[in-house]
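What follows is a set of notes on a single structure, which appears directly below.
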Amino acid sequence: MKDVIEELERRRDNARLGGGKARIDAQHSKGKLTARERIELLMDENSFEEFDTFVEHRCSEFGMEKNKTPGDGVVTGWGTINGRVVYVFAKDFTVLGGSLSESHARKMTKIQDMALKNRAPIIGLFDAGGARIQEGVDALGGYGEVFQRNVLASGVIPQISVIMGPCAGGDVYSPAMTDFIFMVRDTSYMFVTGPDVVKTVTNENVSAEELGGAKVHTSKSSIADGAYENDLETLLQMRRLMDFLPSNNKAGVPLLPTSDSPDREDRSLDTLIPDNPNKPYDMKEMILKVVDEGDFFEIQENYAKNMIVGFARMEGHTVGIVANQPMVLAGVLDSDASRKAARFVRFCDCFEIPILTFVDVPGFLPGTAQEYGGLIKHGAKLLYAFAEATVPKITVITRKGYGGAYVVMSSKHIRGDINYAWPTAEIAVMGAKGAAEIIHRADASDPEKIAARIEEYKARFANPFVAAERGYIDEVILPHGTRRRICRGLNMLRNKTLENPWKKHDNIPL
Ligand code: HXC
């Protein structure tokens with residue numbers, strides 16, 4: 001018996017060494033942790049249980065029969081994060097660059113299947129060189145199997161991808177089909193084809209960082225939802241994120257006890273809106289003052305900053321926040337902001353997370369750049385996402401709610417459950433100046449006359465009361481009581497039941 005136990009230990013130690021000490025040192029020297037070190041940080045202490053530690057590849061091309069490492073470049077298993085079950089796979093770059101073989105793919109798909117069957121989230125830690133070149137089509141097939149499972153699990157269990165090193169070729173498309181992608185600054189990059197191929201095909205000289213680093217993907221392409229300084233910070237932030245997410249689409253949002261009273265009033269909100277309607281203010285201040293303990297997990301913080309989205313809690317329950325940001329482009333809706341918010345709204349709706357919408361929007365952004373870029377279709381995505389959502393939806397208009405953008409931003413007309421307005425709200429087809437100049441075109445050349453017309457329009461429409469008279473706004477509320485109103489509203493909506501007509505799936509304008 002002693003011998004077999006010793007043999008097991010010897011085999012385990014060997015497997016834990018992955019590609020060997022020299023490659024582990026090389027990994028550390030790049031500022032990166034190994035796959036197992038990362039899992040240790042991500043999971044609750046001693047909770048990780050590894051599967052398929054001894055799996056090896058079966059390739060015999062290019063002398064590969066002599067190049068086998070137990071585990072075959074990916075560490076898989078399950079554990080808990082703050083007590084809740086999570087499945088995980090972590091690419092081991094020290095083994096053939098974390099490249100994907102047929103056996104490696106089987107390990108991943110086993111974990112994907114278990115996560116889906118047992119309705120628990122799955123997190124993938126990526127640090128890999130794509131398809132195992134020596135395996136050819138078997139590796140390609142392996143990717144296909146992984147992708148298929150990503151799609152089947154989509155909307156059923158949260159799937160999170162964390163890019164912690166190179167992520168190229170086949171490795172990018174699995175993350176792209178998951179719910180969120182996070183990256184590590186300076187040490188991770190993602191692209192379909194690397195700098196060498198780019199040089200050959202397009203003659204562009206570009207570094208890996210310039211082509212697919214965290215900065216590019218968090219601010220330009222919107223592929224990544226956030227980036228952090230190093231492996232440690234990234235993994236700790238993933239633990240924080242998981243506390244906001246339900247385990248699956250039927251589990252309901254997690255409840256994290258809070259000492260923040262639902263009745264807490266914030267008098268400073270009464271003076272948040274400047275007297276001058278064209279002066280910006282920071283909508284994030286409003287969010288932080290309303291939600292539990294000012295704890296807000298922002299998604300895509302550096303992309304389309306005119307729109308803010310992210311997770312927070314009210315009375316301990318997760319909510320999704322969607323808000324216009326008047327500090328950037330006056331909070332206007334453009335294509336990027338619409339796409340960003342639409343995807344977030346759909347995530348919340350999939351996973352039964354109530355949506356709070358804070359509105360201060362002057363309309364859609366005019367111009368050829370936007371129109372040529374498909375503003376109609378991208379704006380429609382957000383309209384569609386809010387309109388199809390059946391989760392509790394509470395909307396607060398703080399200032400401008402103009403035109404189509406007013407309708408889009410979770411208005412009463414697209415099934416907003418509770419629509420509040422602050423007394424500073426202005427709900428109208430457009431701003432007073434534009435409106436007066438159109439309806440009184442004849443007076444447009446006379447500055448005095450047009451100024452009077454603008455004032456006339458303002459007096460009539462630059463307020464929440466016309467909408468409130470129609471019932472489009474349920475109540476005009478005092479800013480300092482916003483948190484209390486929302487907490488009460490969410491409690492009232494806790495058992496909301498609303499179903500859309502049966503369909504195979506919808507046809508959102510993609
Ligand atoms: C087999 C690979 C590999 C791969 C890396 N290695 N990528 N082995 N298949 N795809 C091995 C290297 O041979 C090396 O082995 C070790 O991993 C570390 O690689 P290095 O090149 O020394 O590391 P580094 O300089 O950090 O560069 C990392 C890298 C580079 C940028 C990822 O290795 C690279 O460009 N790899 C190829 C990427 C690629 O083209 N993949 C195929 C994409 S096609 P030793 O033994 O020396 O440690 C694809 C199609 C799928 O994925 C499509 C599905 C739809």
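Going by the structure tokens order, chains are called A, B, ..., each with residues numbered from 1, while ligands are numbered from 1 in the order shown.
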Residues of chain A within 10 Å of ligand 1: nearest atom pair and distance (Å, one decimal) for each, counting only C-alpha atoms and all ligand atoms, sorted by chain and number, as CSV?
```
residue,atom,partner,partner_atom_place_in_ligand_line,distance
A:Gly19,CA,ligand 1,48 (O),7.6
A:Gly20,CA,ligand 1,48 (O),9.6
A:Ala22,CA,ligand 1,48 (O),9.4
A:Arg23,CA,ligand 1,48 (O),7.0
A:Ala26,CA,ligand 1,26 (O),9.2
A:Gln27,CA,ligand 1,26 (O),8.8
A:Lys30,CA,ligand 1,26 (O),9.1
A:Asn67,CA,ligand 1,46 (O),8.9
A:Gly73,CA,ligand 1,17 (O),9.8
A:Asp92,CA,ligand 1,17 (O),9.9
A:Phe93,CA,ligand 1,17 (O),6.9
A:Thr94,CA,ligand 1,48 (O),6.7
A:Val95,CA,ligand 1,17 (O),6.7
A:Leu96,CA,ligand 1,17 (O),3.9
A:Gly97,CA,ligand 1,17 (O),3.1
A:Gly98,CA,ligand 1,17 (O),6.8
A:Ser99,CA,ligand 1,4 (C),4.9
A:Leu100,CA,ligand 1,9 (N),7.3
A:Ser101,CA,ligand 1,9 (N),8.4
A:Asp127,CA,ligand 1,32 (C),8.2
A:Ala128,CA,ligand 1,32 (C),5.8
A:Gly129,CA,ligand 1,32 (C),3.6
A:Gly130,CA,ligand 1,52 (O),3.7
A:Ala131,CA,ligand 1,52 (O),3.8
A:Arg132,CA,ligand 1,9 (N),3.5
A:Ile133,CA,ligand 1,9 (N),4.1
A:Gln134,CA,ligand 1,1 (C),6.3
A:Glu135,CA,ligand 1,9 (N),8.2
A:Gly136,CA,ligand 1,50 (C),8.8
A:Val137,CA,ligand 1,51 (C),9.0
A:Ala139,CA,ligand 1,51 (C),7.2
A:Leu140,CA,ligand 1,54 (C),4.9
A:Gly141,CA,ligand 1,54 (C),7.7
A:Gly142,CA,ligand 1,54 (C),8.2
A:Tyr143,CA,ligand 1,54 (C),5.4
A:Gly144,CA,ligand 1,55 (C),6.5
A:Val146,CA,ligand 1,54 (C),9.8
A:Phe147,CA,ligand 1,55 (C),8.6
A:Gly165,CA,ligand 1,32 (C),8.4
A:Pro166,CA,ligand 1,32 (C),5.4
A:Cys167,CA,ligand 1,32 (C),7.0
A:Ala168,CA,ligand 1,43 (C),6.0
A:Gly169,CA,ligand 1,52 (O),3.5
A:Gly170,CA,ligand 1,51 (C),3.5
A:Asp171,CA,ligand 1,52 (O),6.2
A:Val172,CA,ligand 1,52 (O),8.4
A:Tyr173,CA,ligand 1,55 (C),7.2
A:Ser174,CA,ligand 1,55 (C),9.1
A:Tyr189,CA,ligand 1,31 (C),9.2
A:Met190,CA,ligand 1,31 (C),10.0
A:Phe191,CA,ligand 1,43 (C),9.9
A:Val192,CA,ligand 1,43 (C),7.9
A:Thr193,CA,ligand 1,40 (O),7.2
A:Gly194,CA,ligand 1,35 (O),6.9
A:Pro195,CA,ligand 1,35 (O),9.0
A:Asp196,CA,ligand 1,35 (O),8.6
A:Val197,CA,ligand 1,40 (O),8.8
A:Ala208,CA,ligand 1,31 (C),8.4
```
Compile a residue-level contact table for stretch 392-503 of chain A against stretch 331-340 of chain A at a cut-off of 10 Å, reporting for every qualifying residue the shortest atom pair and its distance in Å to one decimal, with only C-alpha atoms counted, rows ordered by chain and ascending number, as a tab-separated table.
```
residue	atom	partner	partner_atom	distance
A:Lys400	CA	A:Gly331	CA	9.5
A:Tyr402	CA	A:Val332	CA	10.0
A:Gly404	CA	A:Leu333	CA	9.8
A:Ala405	CA	A:Leu333	CA	7.0
A:Val408	CA	A:Ser338	CA	9.6
A:Met409	CA	A:Leu333	CA	9.7
```
DSSP strand (DSSP E or B) residues within stretch 304-428 of chain A, listed as JSON, numbers by chain: {"A": [307, 308, 309, 310, 311, 312, 313, 314, 317, 318, 319, 320, 321, 322, 323, 324, 333, 355, 356, 357, 358, 359, 360, 361, 364, 393, 394, 395, 396, 397, 398, 399, 400, 401, 402, 418, 419, 420, 421, 426, 427, 428]}
Would you list the contacts of A:Lys289 as a VMD selection string, taking every protein, DNA or RNA residue within 9 Å and counting only C-alpha atoms, but skipping same-chain residues closer than 6 positions in sequence? chain A and resid 266 268 to 269 483
So that I can check the secondary structure, give me every residue of stretch 188-400 of chain A assigned helix (DSSP H, G or I) by backbone DSSP, as an NGL selection string. :A and (195-202 or 208-212 or 214-219 or 231-242 or 267-271 or 283-290 or 292-294 or 329-331 or 335-350 or 368-372 or 375-388)
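Contact shell of A:Asp270 at 8 Å (only C-alpha atoms; same-chain neighbours under 2 positions omitted): Asp266, Arg267, Ser268, Leu272, Ile273, Leu478, Pro479 and His480 of chain A.
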Residue selection dump (C-alpha atoms) as a PDB file, in the first residue's frame:
```pdb
ATOM      1  CA  ASP A 266     -28.361  61.688   0.879  1.00  0.00           C
ATOM      2  CA  ARG A 267     -29.031  65.418   0.976  1.00  0.00           C
ATOM      3  CA  SER A 268     -26.086  66.160  -1.309  1.00  0.00           C
ATOM      4  CA  LEU A 272     -26.091  67.390  -7.693  1.00  0.00           C
ATOM      5  CA  ILE A 273     -27.780  68.866 -10.773  1.00  0.00           C
ATOM      6  CA  LEU A 478     -36.870  64.226  -4.218  1.00  0.00           C
ATOM      7  CA  PRO A 479     -33.275  63.339  -5.079  1.00  0.00           C
ATOM      8  CA  HIS A 480     -32.262  62.646  -1.450  1.00  0.00           C
TER       9      HIS A 480
END
```
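As for atom CA of A:Gly77 and atom CA of A:Phe51, they are spaced 5.0 Å apart.
Among A:Thr187, A:Ser47, A:Thr202, A:Asn278, the residue with the shortest atom-to-atom distance to A:Val85, counting only C-alpha atoms, is A:Ser47.
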I want to know what sits within 10 Å of A:Gly252, based on only C-alpha atoms, with residues of the same chain fewer than 6 positions away left out; could you give that as a list in words? Leu245, Pro246, His317, Thr318, Phe351, Glu352 and Ile353 of chain A
Between atom CA of A:Leu490 and atom CA of A:Asp292, distance in Å (one decimal): 13.5 Å
Can you pull out every residue within 6 Å of A:Asn306, counting only C-alpha atoms, but drop anything in the same chain fewer than 6 positions away, and send it as a VMD selection string? chain A and resid 324 to 325 328 331
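Atom to atom, atom CA of A:His413 and atom CA of A:Tyr472 stand 7.4 Å apart.
Nearest-residue note for A:Thr395: choosing from A:Asn203, A:Thr80, A:Asn419, A:Thr368, the minimum distance belongs to A:Asn419, counting only C-alpha atoms.
Residue neighbourhood of A:Ala120, excluding near-sequence residues (fewer than 5 positions): Arg84, Val85, Val86, Tyr87, Met114, Ala115, Val156, Ile157, Pro158, Pro246, Ser247 and Asn248 of chain A, at 9 Å, using only C-alpha atoms.
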